[in-house]
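Shown here: query-v9.tsv, TSV, C-alpha atoms and all ligand atoms.
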chain	number	residue	atom	x	y	z
A	777	MET	CA	-88.53	225.92	-25.00
A	778	ALA	CA	-85.91	228.55	-24.18
A	779	THR	CA	-87.17	231.14	-21.68
A	780	THR	CA	-86.33	234.75	-22.52
A	781	HIS	CA	-84.60	236.63	-19.74
A	782	LYS	CA	-86.03	240.13	-19.43
A	783	LYS	CA	-83.46	242.67	-18.35
A	784	THR	CA	-84.39	245.58	-16.09
A	785	ASN	CA	-83.77	249.05	-17.52
A	786	LEU	CA	-81.97	250.87	-14.70
A	787	LEU	CA	-82.51	254.25	-16.36
A	788	GLY	CA	-85.37	255.99	-14.57
A	789	LEU	CA	-85.48	253.71	-11.50
A	790	SER	CA	-85.86	255.65	-8.26
A	791	GLN	CA	-83.04	255.22	-5.73
A	792	GLY	CA	-85.38	253.07	-3.62
A	793	ASP	CA	-86.18	250.72	-6.52
A	794	LEU	CA	-82.52	250.48	-7.52
A	795	GLU	CA	-81.66	249.57	-3.92
A	796	GLN	CA	-84.32	246.85	-3.95
A	797	PHE	CA	-82.91	245.51	-7.22
A	798	LEU	CA	-79.47	245.25	-5.59
A	799	ILE	CA	-80.71	243.80	-2.30
A	800	ALA	CA	-82.51	241.07	-4.27
A	801	ARG	CA	-79.07	240.15	-5.62
A	802	SER	CA	-77.43	240.17	-2.17
A	803	GLU	CA	-75.63	243.44	-2.86
A	804	LYS	CA	-75.28	246.40	-0.50
A	805	PRO	CA	-77.90	249.12	-1.15
A	806	PHE	CA	-75.25	251.90	-1.20
A	807	ARG	CA	-74.12	250.56	-4.57
A	808	ALA	CA	-77.25	252.25	-5.94
A	809	ARG	CA	-75.64	255.65	-5.35
A	810	GLN	CA	-72.52	254.68	-7.28
A	811	ILE	CA	-74.59	253.35	-10.18
A	812	MET	CA	-76.72	256.53	-10.23
A	813	GLN	CA	-73.58	258.68	-10.44
A	814	TRP	CA	-72.38	256.64	-13.41
A	815	ILE	CA	-75.70	256.79	-15.23
A	816	TYR	CA	-76.63	260.43	-14.66
A	817	GLN	CA	-73.51	262.38	-13.72
A	818	ARG	CA	-71.08	260.60	-16.05
A	819	ASN	CA	-73.55	259.55	-18.75
A	820	VAL	CA	-72.21	255.99	-18.80
A	821	SER	CA	-74.38	253.15	-20.14
A	822	ASP	CA	-71.78	250.36	-20.20
A	823	PHE	CA	-71.48	248.39	-16.95
A	824	ASP	CA	-67.85	247.48	-17.75
A	825	ALA	CA	-66.95	251.17	-17.44
A	826	MET	CA	-68.29	251.35	-13.87
A	827	THR	CA	-64.89	250.68	-12.42
A	828	ASP	CA	-65.69	251.22	-8.75
A	829	LEU	CA	-68.10	248.25	-8.78
A	830	SER	CA	-66.73	244.77	-8.17
A	831	LYS	CA	-66.17	242.56	-11.21
A	832	SER	CA	-68.83	240.14	-9.98
A	833	LEU	CA	-71.44	242.88	-9.61
A	834	ARG	CA	-70.63	244.18	-13.08
A	835	ALA	CA	-71.07	240.68	-14.49
A	836	GLN	CA	-74.38	240.31	-12.64
A	837	LEU	CA	-75.59	243.67	-13.95
A	838	LYS	CA	-74.71	242.69	-17.51
A	839	GLU	CA	-76.77	239.55	-17.03
A	840	ASP	CA	-79.86	241.14	-15.47
A	841	ALA	CA	-79.88	244.83	-16.34
A	842	GLU	CA	-79.46	247.35	-19.11
A	843	ILE	CA	-79.41	251.12	-19.54
A	844	VAL	CA	-81.60	252.01	-22.49
A	845	PRO	CA	-82.20	255.66	-23.31
A	846	PRO	CA	-84.94	256.87	-25.68
A	847	GLN	CA	-83.83	257.15	-29.31
A	848	VAL	CA	-83.32	260.61	-30.78
A	849	GLN	CA	-85.00	261.04	-34.14
A	850	SER	CA	-83.94	264.57	-35.00
A	851	ARG	CA	-82.57	267.83	-33.64
A	852	HIS	CA	-83.63	271.31	-34.71
A	853	ASP	CA	-81.76	274.51	-33.80
A	854	SER	CA	-83.67	277.79	-33.64
A	855	LYS	CA	-82.22	281.17	-34.61
A	856	ASP	CA	-82.71	282.35	-31.01
A	857	GLY	CA	-80.63	279.51	-29.50
A	858	CYS	CA	-83.51	277.16	-28.62
A	859	VAL	CA	-82.98	273.52	-29.46
A	860	LYS	CA	-85.74	270.99	-30.08
A	861	TRP	CA	-85.28	267.22	-30.15
A	862	LEU	CA	-87.75	264.62	-31.33
A	863	PHE	CA	-87.49	261.32	-29.45
A	864	SER	CA	-89.14	258.33	-31.03
A	865	SER	CA	-91.69	256.63	-28.85
A	866	GLY	CA	-92.33	253.58	-31.02
A	867	SER	CA	-94.70	252.83	-33.92
A	868	GLY	CA	-93.53	255.89	-35.84
A	869	GLN	CA	-94.53	258.26	-33.04
A	870	ALA	CA	-92.42	260.92	-31.36
A	871	VAL	CA	-92.37	263.31	-28.42
A	872	GLU	CA	-90.59	266.64	-28.19
A	873	THR	CA	-88.12	268.24	-25.80
A	874	VAL	CA	-87.08	271.89	-25.97
A	875	PHE	CA	-84.06	273.70	-24.52
A	876	ILE	CA	-84.48	277.43	-23.89
A	877	PRO	CA	-81.25	279.29	-23.04
A	878	GLU	CA	-81.37	282.58	-21.14
A	879	SER	CA	-78.58	284.71	-19.71
A	880	ASP	CA	-78.93	283.38	-16.16
A	881	ARG	CA	-80.33	279.88	-16.75
A	882	GLY	CA	-81.02	277.12	-19.24
A	883	THR	CA	-84.48	275.61	-19.10
A	884	LEU	CA	-85.35	272.20	-20.48
A	885	CYS	CA	-89.01	271.66	-21.30
A	886	ILE	CA	-89.77	267.93	-21.25
A	887	SER	CA	-92.67	265.70	-22.29
A	888	SER	CA	-94.44	263.18	-20.07
A	889	GLN	CA	-96.95	261.51	-22.42
A	890	VAL	CA	-97.36	260.66	-26.09
A	891	GLY	CA	-100.21	263.08	-26.77
A	892	CYS	CA	-102.67	264.11	-24.06
A	893	ALA	CA	-106.21	263.05	-23.23
A	894	LEU	CA	-107.27	266.29	-21.57
A	895	ASP	CA	-108.14	268.05	-24.80
A	896	CYS	CA	-107.67	271.70	-23.85
A	897	ALA	CA	-109.21	273.70	-26.65
A	898	PHE	CA	-106.12	275.76	-27.53
A	899	CYS	CA	-103.41	273.07	-27.37
A	900	ALA	CA	-101.78	271.29	-30.30
A	901	THR	CA	-100.89	268.27	-28.16
A	902	GLY	CA	-104.47	267.94	-26.92
A	903	ALA	CA	-105.78	268.19	-30.48
A	904	GLN	CA	-103.83	265.05	-31.36
A	905	GLY	CA	-105.38	262.89	-28.67
A	906	PHE	CA	-103.68	260.48	-26.29
A	907	ASN	CA	-101.58	257.47	-27.14
A	908	ARG	CA	-99.67	256.38	-24.03
A	909	ASN	CA	-97.69	257.38	-20.95
A	910	LEU	CA	-93.94	257.73	-21.30
A	911	THR	CA	-91.88	255.49	-19.01
A	912	SER	CA	-89.56	257.02	-16.38
A	913	ALA	CA	-86.63	256.05	-18.62
A	914	GLU	CA	-88.16	257.92	-21.56
A	915	ILE	CA	-88.74	261.01	-19.40
A	916	ILE	CA	-85.39	261.24	-17.56
A	917	GLY	CA	-83.70	260.16	-20.81
A	918	GLN	CA	-84.71	263.50	-22.37
A	919	VAL	CA	-82.80	265.34	-19.63
A	920	ARG	CA	-79.81	263.03	-19.82
A	921	HIS	CA	-79.56	263.43	-23.56
A	922	ALA	CA	-79.83	267.23	-23.51
A	923	ILE	CA	-77.20	267.58	-20.76
A	924	ALA	CA	-74.82	265.30	-22.65
A	925	GLU	CA	-75.28	267.04	-25.97
A	926	LEU	CA	-75.31	270.72	-24.97
A	927	PRO	CA	-72.01	272.45	-24.25
A	928	HIS	CA	-71.44	273.55	-20.64
A	929	ARG	CA	-71.98	277.19	-19.68
A	930	ASP	CA	-69.05	279.58	-19.34
A	931	ASN	CA	-69.05	279.03	-15.56
A	932	GLY	CA	-68.50	275.29	-16.11
A	933	GLU	CA	-72.02	274.28	-15.06
A	934	ALA	CA	-74.28	272.06	-17.15
A	935	ALA	CA	-76.33	273.93	-19.75
A	936	VAL	CA	-79.57	272.69	-18.19
A	937	SER	CA	-80.18	274.43	-14.86
A	938	ASN	CA	-83.99	274.13	-14.76
A	939	VAL	CA	-86.47	271.48	-15.86
A	940	VAL	CA	-90.14	272.19	-16.56
A	941	PHE	CA	-92.82	269.61	-17.39
A	942	MET	CA	-94.38	271.85	-20.02
A	943	GLY	CA	-93.84	269.72	-23.11
A	944	MET	CA	-96.33	267.18	-24.41
A	945	GLY	CA	-98.71	265.55	-21.98
A	946	GLU	CA	-100.18	266.06	-18.54
A	947	PRO	CA	-97.53	265.01	-16.01
A	948	LEU	CA	-99.98	264.40	-13.17
A	949	ALA	CA	-101.94	261.99	-15.40
A	950	ASN	CA	-98.72	259.91	-15.54
A	951	TYR	CA	-98.04	260.23	-11.84
A	952	ARG	CA	-96.46	256.81	-11.30
A	953	ASN	CA	-93.70	257.43	-13.84
A	954	VAL	CA	-93.22	261.14	-13.17
A	955	VAL	CA	-92.49	260.91	-9.42
A	956	PRO	CA	-89.30	258.78	-9.80
A	957	VAL	CA	-88.09	261.31	-12.38
A	958	LEU	CA	-88.67	264.19	-9.94
A	959	GLU	CA	-86.70	262.30	-7.32
A	960	LEU	CA	-83.83	261.75	-9.75
A	961	LEU	CA	-83.78	265.40	-10.78
A	962	VAL	CA	-83.32	266.56	-7.19
A	963	SER	CA	-81.16	263.69	-5.88
A	964	ASP	CA	-77.52	264.51	-5.08
A	965	TRP	CA	-76.53	261.17	-6.63
A	966	SER	CA	-78.11	262.19	-9.90
A	967	TYR	CA	-78.68	265.78	-11.10
A	968	GLY	CA	-78.93	267.42	-7.67
A	969	MET	CA	-81.19	270.28	-8.80
A	970	SER	CA	-82.89	272.42	-6.22
A	971	ARG	CA	-86.65	271.81	-5.91
A	972	ARG	CA	-87.22	275.39	-6.97
A	973	ARG	CA	-85.64	274.63	-10.34
A	974	VAL	CA	-87.94	271.73	-11.17
A	975	THR	CA	-91.49	272.69	-12.14
A	976	VAL	CA	-94.47	270.43	-12.72
A	977	SER	CA	-97.13	272.13	-14.83
A	978	THR	CA	-100.65	270.75	-14.53
A	979	SER	CA	-104.05	271.61	-15.91
A	980	GLY	CA	-105.43	270.68	-12.49
A	981	ILE	CA	-105.72	267.02	-11.51
A	982	VAL	CA	-106.57	267.90	-7.93
A	983	PRO	CA	-106.05	264.55	-6.12
A	984	HIS	CA	-102.57	264.29	-7.59
A	985	ILE	CA	-101.66	267.83	-6.56
A	986	ASP	CA	-102.46	266.78	-2.98
A	987	LYS	CA	-100.36	263.63	-3.38
A	988	LEU	CA	-97.44	265.48	-4.95
A	989	ALA	CA	-97.28	267.79	-1.94
A	990	GLU	CA	-96.53	264.69	0.16
A	991	ASP	CA	-94.31	262.81	-2.29
A	992	CYS	CA	-92.01	265.41	-3.86
A	993	ASN	CA	-93.02	269.02	-3.52
A	994	VAL	CA	-91.19	270.64	-6.38
A	995	ALA	CA	-92.35	273.96	-7.85
A	996	LEU	CA	-95.90	273.92	-9.18
A	997	ALA	CA	-97.38	275.72	-12.18
A	998	VAL	CA	-101.12	275.54	-12.78
A	999	SER	CA	-102.73	276.10	-16.16
A	1000	LEU	CA	-105.68	278.22	-15.11
A	1001	HIS	CA	-106.44	280.10	-18.36
A	1002	ALA	CA	-109.90	281.29	-17.24
A	1003	PRO	CA	-111.14	283.11	-14.14
A	1004	ASN	CA	-114.58	281.46	-13.90
A	1005	ASP	CA	-115.93	277.92	-14.22
A	1006	GLU	CA	-118.25	278.71	-17.10
A	1007	LEU	CA	-115.38	279.70	-19.36
A	1008	ARG	CA	-112.86	277.23	-17.96
A	1009	ASP	CA	-115.27	274.33	-18.52
A	1010	GLN	CA	-115.10	275.17	-22.21
A	1011	ILE	CA	-111.39	275.65	-22.74
A	1012	VAL	CA	-109.90	273.33	-20.07
A	1013	PRO	CA	-112.39	270.42	-19.95
A	1014	ILE	CA	-110.83	268.80	-16.84
A	1015	ASN	CA	-112.44	271.76	-15.01
A	1016	LYS	CA	-115.77	269.94	-15.17
A	1017	MET	CA	-114.28	267.29	-12.92
A	1018	HIS	CA	-112.15	269.58	-10.73
A	1019	PRO	CA	-113.62	273.11	-10.74
A	1020	ILE	CA	-111.68	276.25	-9.89
A	1021	ALA	CA	-112.57	276.41	-6.17
A	1022	SER	CA	-111.28	272.89	-5.46
A	1023	LEU	CA	-108.24	273.46	-7.66
A	1024	LEU	CA	-107.29	276.63	-5.80
A	1025	ASP	CA	-107.86	274.94	-2.43
A	1026	ALA	CA	-105.37	272.25	-3.42
A	1027	CYS	CA	-102.95	274.95	-4.60
A	1028	TRP	CA	-103.01	276.88	-1.32
A	1029	GLN	CA	-102.47	273.68	0.63
A	1030	TYR	CA	-99.58	272.79	-1.65
A	1031	ALA	CA	-98.05	276.23	-1.16
A	1032	ALA	CA	-98.47	275.99	2.62
A	1033	LYS	CA	-96.45	272.74	2.62
A	1034	ARG	CA	-93.61	274.62	0.93
A	1035	SER	CA	-93.59	277.60	3.36
A	1036	ASN	CA	-95.96	279.46	1.07
A	1037	ARG	CA	-93.63	279.52	-1.87
A	1038	PHE	CA	-95.42	281.00	-4.86
A	1039	ILE	CA	-97.45	278.93	-7.28
A	1040	THR	CA	-97.33	280.10	-10.87
A	1041	PHE	CA	-100.66	280.40	-12.66
A	1042	GLU	CA	-100.37	280.12	-16.42
A	1043	TYR	CA	-102.89	282.07	-18.43
A	1044	VAL	CA	-102.86	281.76	-22.21
A	1045	MET	CA	-104.02	284.99	-23.86
A	1046	LEU	CA	-106.76	284.16	-26.38
A	1047	ARG	CA	-108.19	287.06	-28.34
A	1048	ASP	CA	-111.79	287.91	-27.35
A	1049	VAL	CA	-112.07	284.73	-25.28
A	1050	ASN	CA	-110.39	285.34	-21.89
A	1051	ASP	CA	-108.48	288.60	-22.34
A	1052	SER	CA	-110.83	291.43	-21.23
A	1053	LEU	CA	-110.23	293.66	-18.22
A	1054	THR	CA	-113.29	292.06	-16.59
A	1055	HIS	CA	-111.46	288.73	-16.84
A	1056	ALA	CA	-108.37	290.37	-15.33
A	1057	ASN	CA	-110.43	291.68	-12.40
A	1058	GLN	CA	-112.00	288.26	-11.83
A	1059	LEU	CA	-108.58	286.63	-11.95
A	1060	ALA	CA	-107.21	289.11	-9.44
A	1061	ASP	CA	-110.16	288.39	-7.10
A	1062	LEU	CA	-109.25	284.70	-7.16
A	1063	LEU	CA	-105.53	285.15	-6.54
A	1064	LYS	CA	-104.86	288.33	-4.61
A	1065	ASP	CA	-103.36	288.03	-1.14
A	1066	LYS	CA	-102.39	284.44	-1.96
A	1067	PRO	CA	-98.94	282.94	-2.70
A	1068	ALA	CA	-99.57	283.30	-6.42
A	1069	LYS	CA	-97.95	284.81	-9.45
A	1070	VAL	CA	-99.38	284.95	-12.93
A	1071	ASN	CA	-97.54	284.13	-16.13
A	1072	LEU	CA	-99.40	285.35	-19.21
A	1073	ILE	CA	-98.64	283.23	-22.28
A	1074	PRO	CA	-99.33	284.77	-25.69
A	1075	PHE	CA	-101.28	282.07	-27.57
A	1076	ASN	CA	-99.15	280.21	-30.10
A	1077	PRO	CA	-101.16	279.23	-33.14
A	1078	PHE	CA	-101.01	275.82	-34.82
A	1079	PRO	CA	-102.66	274.46	-37.96
A	1080	GLY	CA	-106.40	273.97	-37.65
A	1081	THR	CA	-106.99	276.16	-34.59
A	1082	GLU	CA	-109.56	278.91	-34.65
A	1083	PHE	CA	-108.06	280.80	-31.71
A	1084	LYS	CA	-106.04	283.96	-32.16
A	1085	ARG	CA	-103.38	285.56	-30.03
A	1086	SER	CA	-104.43	288.66	-28.07
A	1087	SER	CA	-102.75	291.84	-29.26
A	1088	LEU	CA	-99.64	293.06	-27.47
A	1089	ASP	CA	-101.61	296.05	-26.17
A	1090	THR	CA	-104.34	293.82	-24.75
A	1091	ILE	CA	-101.76	291.64	-23.03
A	1092	ARG	CA	-100.03	294.72	-21.60
A	1093	HIS	CA	-103.29	296.18	-20.26
A	1094	PHE	CA	-104.28	292.83	-18.77
A	1095	GLN	CA	-100.92	292.55	-17.03
A	1096	GLU	CA	-101.12	296.13	-15.76
A	1097	ARG	CA	-104.59	295.50	-14.35
A	1098	LEU	CA	-103.33	292.45	-12.44
A	1099	ARG	CA	-100.43	294.50	-11.08
A	1100	LYS	CA	-102.80	297.25	-10.00
A	1101	HIS	CA	-104.50	294.63	-7.83
A	1102	GLY	CA	-101.12	293.87	-6.26
A	1103	LEU	CA	-100.42	290.64	-8.13
A	1104	VAL	CA	-97.04	289.63	-9.51
A	1105	ALA	CA	-97.64	289.22	-13.25
A	1106	THR	CA	-95.23	288.57	-16.09
A	1107	THR	CA	-95.61	287.80	-19.78
A	1108	ARG	CA	-93.78	284.82	-21.24
A	1109	LYS	CA	-91.48	285.55	-24.15
A	1110	THR	CA	-92.28	283.44	-27.16
A	1111	ARG	CA	-89.17	281.47	-28.08
A	1112	GLY	CA	-88.30	278.92	-30.71
A	1113	ASP	CA	-91.34	279.52	-32.87
A	1114	ASP	CA	-89.28	279.21	-36.07
A	1115	ILE	CA	-88.86	275.52	-35.22
A	1116	ASN	CA	-92.40	275.08	-33.83
A	1117	ALA	CA	-91.01	274.74	-30.33
A	1118	ALA	CA	-93.13	277.37	-28.58
A	1119	CYS	CA	-95.59	276.49	-25.79
A	1120	GLY	CA	-98.54	274.51	-27.06
A	1121	GLN	CA	-97.05	273.97	-30.50
A	1122	LEU	CA	-95.48	270.66	-29.53
A	1123	ALA	CA	-97.24	267.99	-31.46
A	1124	GLY	CA	-94.52	265.44	-32.14
A	1125	LYS	CA	-96.11	262.63	-34.03
A	1126	VAL	CA	-98.99	261.02	-32.25
A	1127	SER	CA	-101.53	258.61	-33.56
A	1128	ASP	CA	-104.48	258.80	-31.27
A	1129	ARG	CA	-104.89	255.29	-29.94
A	1130	VAL	CA	-108.03	256.12	-28.02
A	1131	LYS	CA	-109.68	257.85	-30.92
A	1132	ASN	CA	-108.70	255.08	-33.32
A	1133	ARG	CA	-110.25	252.46	-31.09
A	1134	LEU	CA	-113.38	254.24	-29.94
A	1135	GLY	CA	-113.80	256.92	-32.54
A	1136	ARG	CA	-113.83	259.52	-29.76
A	1137	LYS	CA	-111.74	260.88	-26.90
A	1138	ILE	CA	-111.77	259.86	-23.23
A	1139	VAL	CA	-112.33	263.30	-21.75
A	1140	GLY	CA	-114.21	266.17	-23.31
A	1141	HIS	CA	-114.51	266.51	-27.03
A	1142	ARG	CA	-112.15	267.05	-29.88
A	1143	SER	CA	-110.62	270.46	-30.66
A	1144	ASN	CA	-112.59	270.72	-33.82
A	1145	SER	CA	-112.95	274.19	-35.22
A	1146	LYS	CA	-116.32	273.30	-36.74
A	1147	ASN	CA	-118.10	272.40	-33.53
A	1148	ARG	CA	-116.31	274.53	-30.98
A	1149	ARG	CA	-118.13	277.65	-29.87
A	1150	ILE	CA	-116.48	279.51	-27.04
A	1151	SER	CA	-118.65	282.13	-25.44
A	1152	SER	CA	-116.76	284.67	-23.44
A	1153	ALA	CA	-118.18	284.27	-19.93
A	1201	LIG	N1	-100.31	269.48	-19.47
A	1201	LIG	C1	-99.64	270.44	-18.70
A	1201	LIG	C2	-98.25	270.76	-19.20
A	1201	LIG	C3	-98.03	270.87	-20.67
A	1201	LIG	S1	-98.70	272.26	-21.48
A	1201	LIG	C4	-100.46	271.70	-18.57
A	1201	LIG	O1	-101.46	271.83	-19.28
A	1201	LIG	O2	-100.13	272.52	-17.73
A	1201	LIG	C5	-97.63	273.61	-20.94
A	1201	LIG	C6	-98.32	274.98	-20.99
A	1201	LIG	O3	-98.54	275.41	-22.34
A	1201	LIG	C7	-99.68	274.96	-20.31
A	1201	LIG	O4	-99.86	276.10	-19.51
A	1201	LIG	C8	-100.60	275.00	-21.50
A	1201	LIG	O5	-101.87	275.44	-21.17
A	1201	LIG	C9	-99.85	275.92	-22.43
A	1201	LIG	N2	-100.33	275.87	-23.81
A	1201	LIG	C10	-100.96	274.85	-24.43
A	1201	LIG	N3	-101.25	275.19	-25.71
A	1201	LIG	C11	-100.79	276.45	-25.89
A	1201	LIG	C12	-100.75	277.33	-27.03
A	1201	LIG	N4	-101.24	276.95	-28.20
A	1201	LIG	N5	-100.20	278.54	-26.87
A	1201	LIG	C13	-99.65	278.90	-25.68
A	1201	LIG	N6	-99.65	278.10	-24.59
A	1201	LIG	C14	-100.20	276.88	-24.70
A	1202	LIG	FE1	-102.88	268.31	-22.18
A	1202	LIG	FE2	-101.67	270.43	-21.08
A	1202	LIG	FE3	-102.33	270.43	-23.70
A	1202	LIG	FE4	-104.25	270.57	-21.83
A	1202	LIG	S1	-102.64	272.09	-22.24
A	1202	LIG	S2	-104.27	269.25	-23.66
A	1202	LIG	S3	-103.41	269.26	-20.23
A	1202	LIG	S4	-100.85	269.10	-22.70

Serialized structure, structure tokens:
Amino acid sequence: MATTHKKTNLLGLSQGDLEQFLIARSEKPFRARQIMQWIYQRNVSDFDAMTDLSKSLRAQLKEDAEIVPPQVQSRHDSKDGCVKWLFSSGSGQAVETVFIPESDRGTLCISSQVGCALDCAFCATGAQGFNRNLTSAEIIGQVRHAIAELPHRDNGEAAVSNVVFMGMGEPLANYRNVVPVLELLVSDWSYGMSRRRVTVSTSGIVPHIDKLAEDCNVALAVSLHAPNDELRDQIVPINKMHPIASLLDACWQYAAKRSNRFITFEYVMLRDVNDSLTHANQLADLLKDKPAKVNLIPFNPFPGTEFKRSSLDTIRHFQERLRKHGLVATTRKTRGDDINAACGQLAGKVSDRVKNRLGRKIVGHRSNSKNRRISSA
């Protein structure tokens, strides 16, 4: 019987793994750097075009390797300049990537999982359940595609200057595949971004925050959303496993490893749930005199949710109260909502594998408007 020869997808391999791949074929490890430049800086997928590699290495690569990016399903352009792509992730499912241009930067918001198991009460991705982790190739492929497709800025630089893991999924729940992507984003042989321009956003998987500090300490954003455990248990269910005190401990240790560079705390403004001045005072007590800044996110509604966005006045008063306590606090502008590309609206197309198999979710319970009662603690 003929044996099938499985080729290795070089897209998304860390430099270390690419070097090992070459060493196993009696090649010099520095070839990894050349190959990375071809793949990421020159967007080349054809080994024959990699002209500074020997003919024999090119032939070997064609035999054993491939460069397979994720497939784009559709592109949507917003009136405000945002662009959203849907990438297919197999079996009719898709994940979303959003580009947000601003005068001084271009931010790409990327996905790390098909769906999400963490089931935060106010999140469209969480409401769909979890299907699977994206591979490193599927994650870095979103960046590669956006950079190739978007025109350069006037100053000649690539349109994408910043990358944030704020699309679908919980990046620290897909740690194994996310770390090589972080390395590629900051590597000089690939995109060479500064660590400050790459942000991992997490709802608080504490052991992996500690690990990330060691492995690749890029900028960290933490989805706090509530200033006490009673309320956070209800809207961010992972809090039952990693409560606020342990989460903040991990944050301050993370910040200390980066010379106390600020950690951003995301706080979604939900009307009559977490938006009172008492909540603002509690939040300030947790964060003041720490390397912290707060980013208030006006809630973005999606079909089936019972939450409402706080009024502009409430958000302004909340922000002012935080500032009065000496905190740095900003409010995120809502962008791309005409193409459903705003924070928390990313739903792609996910069929919930876990729910289909077990009839329920792994963590917490479903965002079901009928059984969810949030008391404002
Ligand atoms: N899983 C990670 C990253 C993806 S979510 C995390 O939770 O941090 C990116 C941000 O969007 C998080 O702060 C998340 O809480 C927020 N978000 C989720 N749903 C939202 C909604 N409907 N409106 C506004 N922000 C939302
Ligand atoms: Fe998952 Fe983040 Fe949505 Fe929570 S907010 S369900 S962690 S994607």

In file coordinates, which residues lie within 12 Å of (-100.6, 266.3, -6.0) using only C-alpha atoms, given as an NGL selection string?
:A and (947-952 or 954-955 or 976-998 or 1023 or 1025-1031 or 1033)

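Using only C-alpha atoms and all ligand atoms, the smallest distance between any of A:Ser912, A:Asn1050, A:Thr1040, A:Gln1010 and ligand LIG 1201 (chain A) comes from A:Thr1040.
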
Counting all atoms listed in the file, which protein, DNA or RNA residues come within 7 Å of ligand LIG 1201 (chain A), given as a PDB file with C-alpha atoms, in the coordinates of the input?
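File produced: selection-v9.pdb:
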ATOM      1  CA  PHE A 898    -106.120 275.760 -27.530  1.00  0.00           C
ATOM      2  CA  CYS A 899    -103.410 273.070 -27.370  1.00  0.00           C
ATOM      3  CA  ALA A 900    -101.780 271.290 -30.300  1.00  0.00           C
ATOM      4  CA  PHE A 941     -92.820 269.610 -17.390  1.00  0.00           C
ATOM      5  CA  MET A 942     -94.380 271.850 -20.020  1.00  0.00           C
ATOM      6  CA  GLY A 943     -93.840 269.720 -23.110  1.00  0.00           C
ATOM      7  CA  MET A 944     -96.330 267.180 -24.410  1.00  0.00           C
ATOM      8  CA  GLY A 945     -98.710 265.550 -21.980  1.00  0.00           C
ATOM      9  CA  GLU A 946    -100.180 266.060 -18.540  1.00  0.00           C
ATOM     10  CA  PRO A 947     -97.530 265.010 -16.010  1.00  0.00           C
ATOM     11  CA  SER A 977     -97.130 272.130 -14.830  1.00  0.00           C
ATOM     12  CA  THR A 978    -100.650 270.750 -14.530  1.00  0.00           C
ATOM     13  CA  SER A 979    -104.050 271.610 -15.910  1.00  0.00           C
ATOM     14  CA  ALA A 997     -97.380 275.720 -12.180  1.00  0.00           C
ATOM     15  CA  VAL A 998    -101.120 275.540 -12.780  1.00  0.00           C
ATOM     16  CA  SER A 999    -102.730 276.100 -16.160  1.00  0.00           C
ATOM     17  CA  GLU A1042    -100.370 280.120 -16.420  1.00  0.00           C
ATOM     18  CA  TYR A1043    -102.890 282.070 -18.430  1.00  0.00           C
ATOM     19  CA  VAL A1044    -102.860 281.760 -22.210  1.00  0.00           C
ATOM     20  CA  ILE A1073     -98.640 283.230 -22.280  1.00  0.00           C
ATOM     21  CA  PRO A1074     -99.330 284.770 -25.690  1.00  0.00           C
ATOM     22  CA  PHE A1075    -101.280 282.070 -27.570  1.00  0.00           C
ATOM     23  CA  ASN A1076     -99.150 280.210 -30.100  1.00  0.00           C
ATOM     24  CA  PRO A1077    -101.160 279.230 -33.140  1.00  0.00           C
ATOM     25  CA  PHE A1078    -101.010 275.820 -34.820  1.00  0.00           C
ATOM     26  CA  CYS A1119     -95.590 276.490 -25.790  1.00  0.00           C
ATOM     27  CA  GLY A1120     -98.540 274.510 -27.060  1.00  0.00           C
ATOM     28  CA  GLN A1121     -97.050 273.970 -30.500  1.00  0.00           C
TER      29      GLN A1121
END

Applying 9 Å and all atoms listed in the file, which residues near Ala841 in chain A remain after dropping the ones on its own chain fewer than 2 positions away? List them as JSON, numbers by chain. {"A": [782, 783, 784, 785, 786, 836, 837, 838, 839, 843]}

Writer output for current selection, C-alpha atoms, as a PDB file, in the frame of the given file:
ATOM      1  CA  LYS A 782     -86.030 240.130 -19.430  1.00  0.00           C
ATOM      2  CA  LYS A 783     -83.460 242.670 -18.350  1.00  0.00           C
ATOM      3  CA  THR A 784     -84.390 245.580 -16.090  1.00  0.00           C
ATOM      4  CA  ASN A 785     -83.770 249.050 -17.520  1.00  0.00           C
ATOM      5  CA  LEU A 786     -81.970 250.870 -14.700  1.00  0.00           C
ATOM      6  CA  GLN A 836     -74.380 240.310 -12.640  1.00  0.00           C
ATOM      7  CA  LEU A 837     -75.590 243.670 -13.950  1.00  0.00           C
ATOM      8  CA  LYS A 838     -74.710 242.690 -17.510  1.00  0.00           C
ATOM      9  CA  GLU A 839     -76.770 239.550 -17.030  1.00  0.00           C
ATOM     10  CA  ILE A 843     -79.410 251.120 -19.540  1.00  0.00           C
TER      11      ILE A 843
END

From the list A:Ala870, A:Val1012, A:Leu789, A:Ala800, which residue is nearest Pro846 in chain A when using only C-alpha atoms?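 Checking each of A:Ala870, A:Val1012, A:Leu789, A:Ala800 against Pro846 in chain A, counting only C-alpha atoms, the winner is A:Ala870.
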
Box in all listed atoms of ligand LIG 1202 (chain A), axis-aligned, with 3 Å more on each side; write out centre and edge lengths in Å to one decimal as AutoDock Vina command-line options.
--center_x -102.6 --center_y 270.2 --center_z -22.0 --size_x 9.4 --size_y 9.8 --size_z 9.5

Practice problem: Could you give me, as a PyMOL selection string, the residues that have an atom at most 7 Å away from the point (-107.8, 276.7, -19.1) in the coordinates of the file, using only C-alpha atoms? | Solution: chain A and resi 896+999-1002+1008+1011-1012

- Query: CA of Lys804 in chain A and CA of Ser963 in chain A, how far apart in Å?
  - Reply: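 Interatomic distance here is 19.0 Å.
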
Among A:Gly902, A:Gly857, A:Pro845, A:Pro927, ligand LIG 1202 (chain A) is approached most closely, using all atoms listed in the file, by A:Gly902
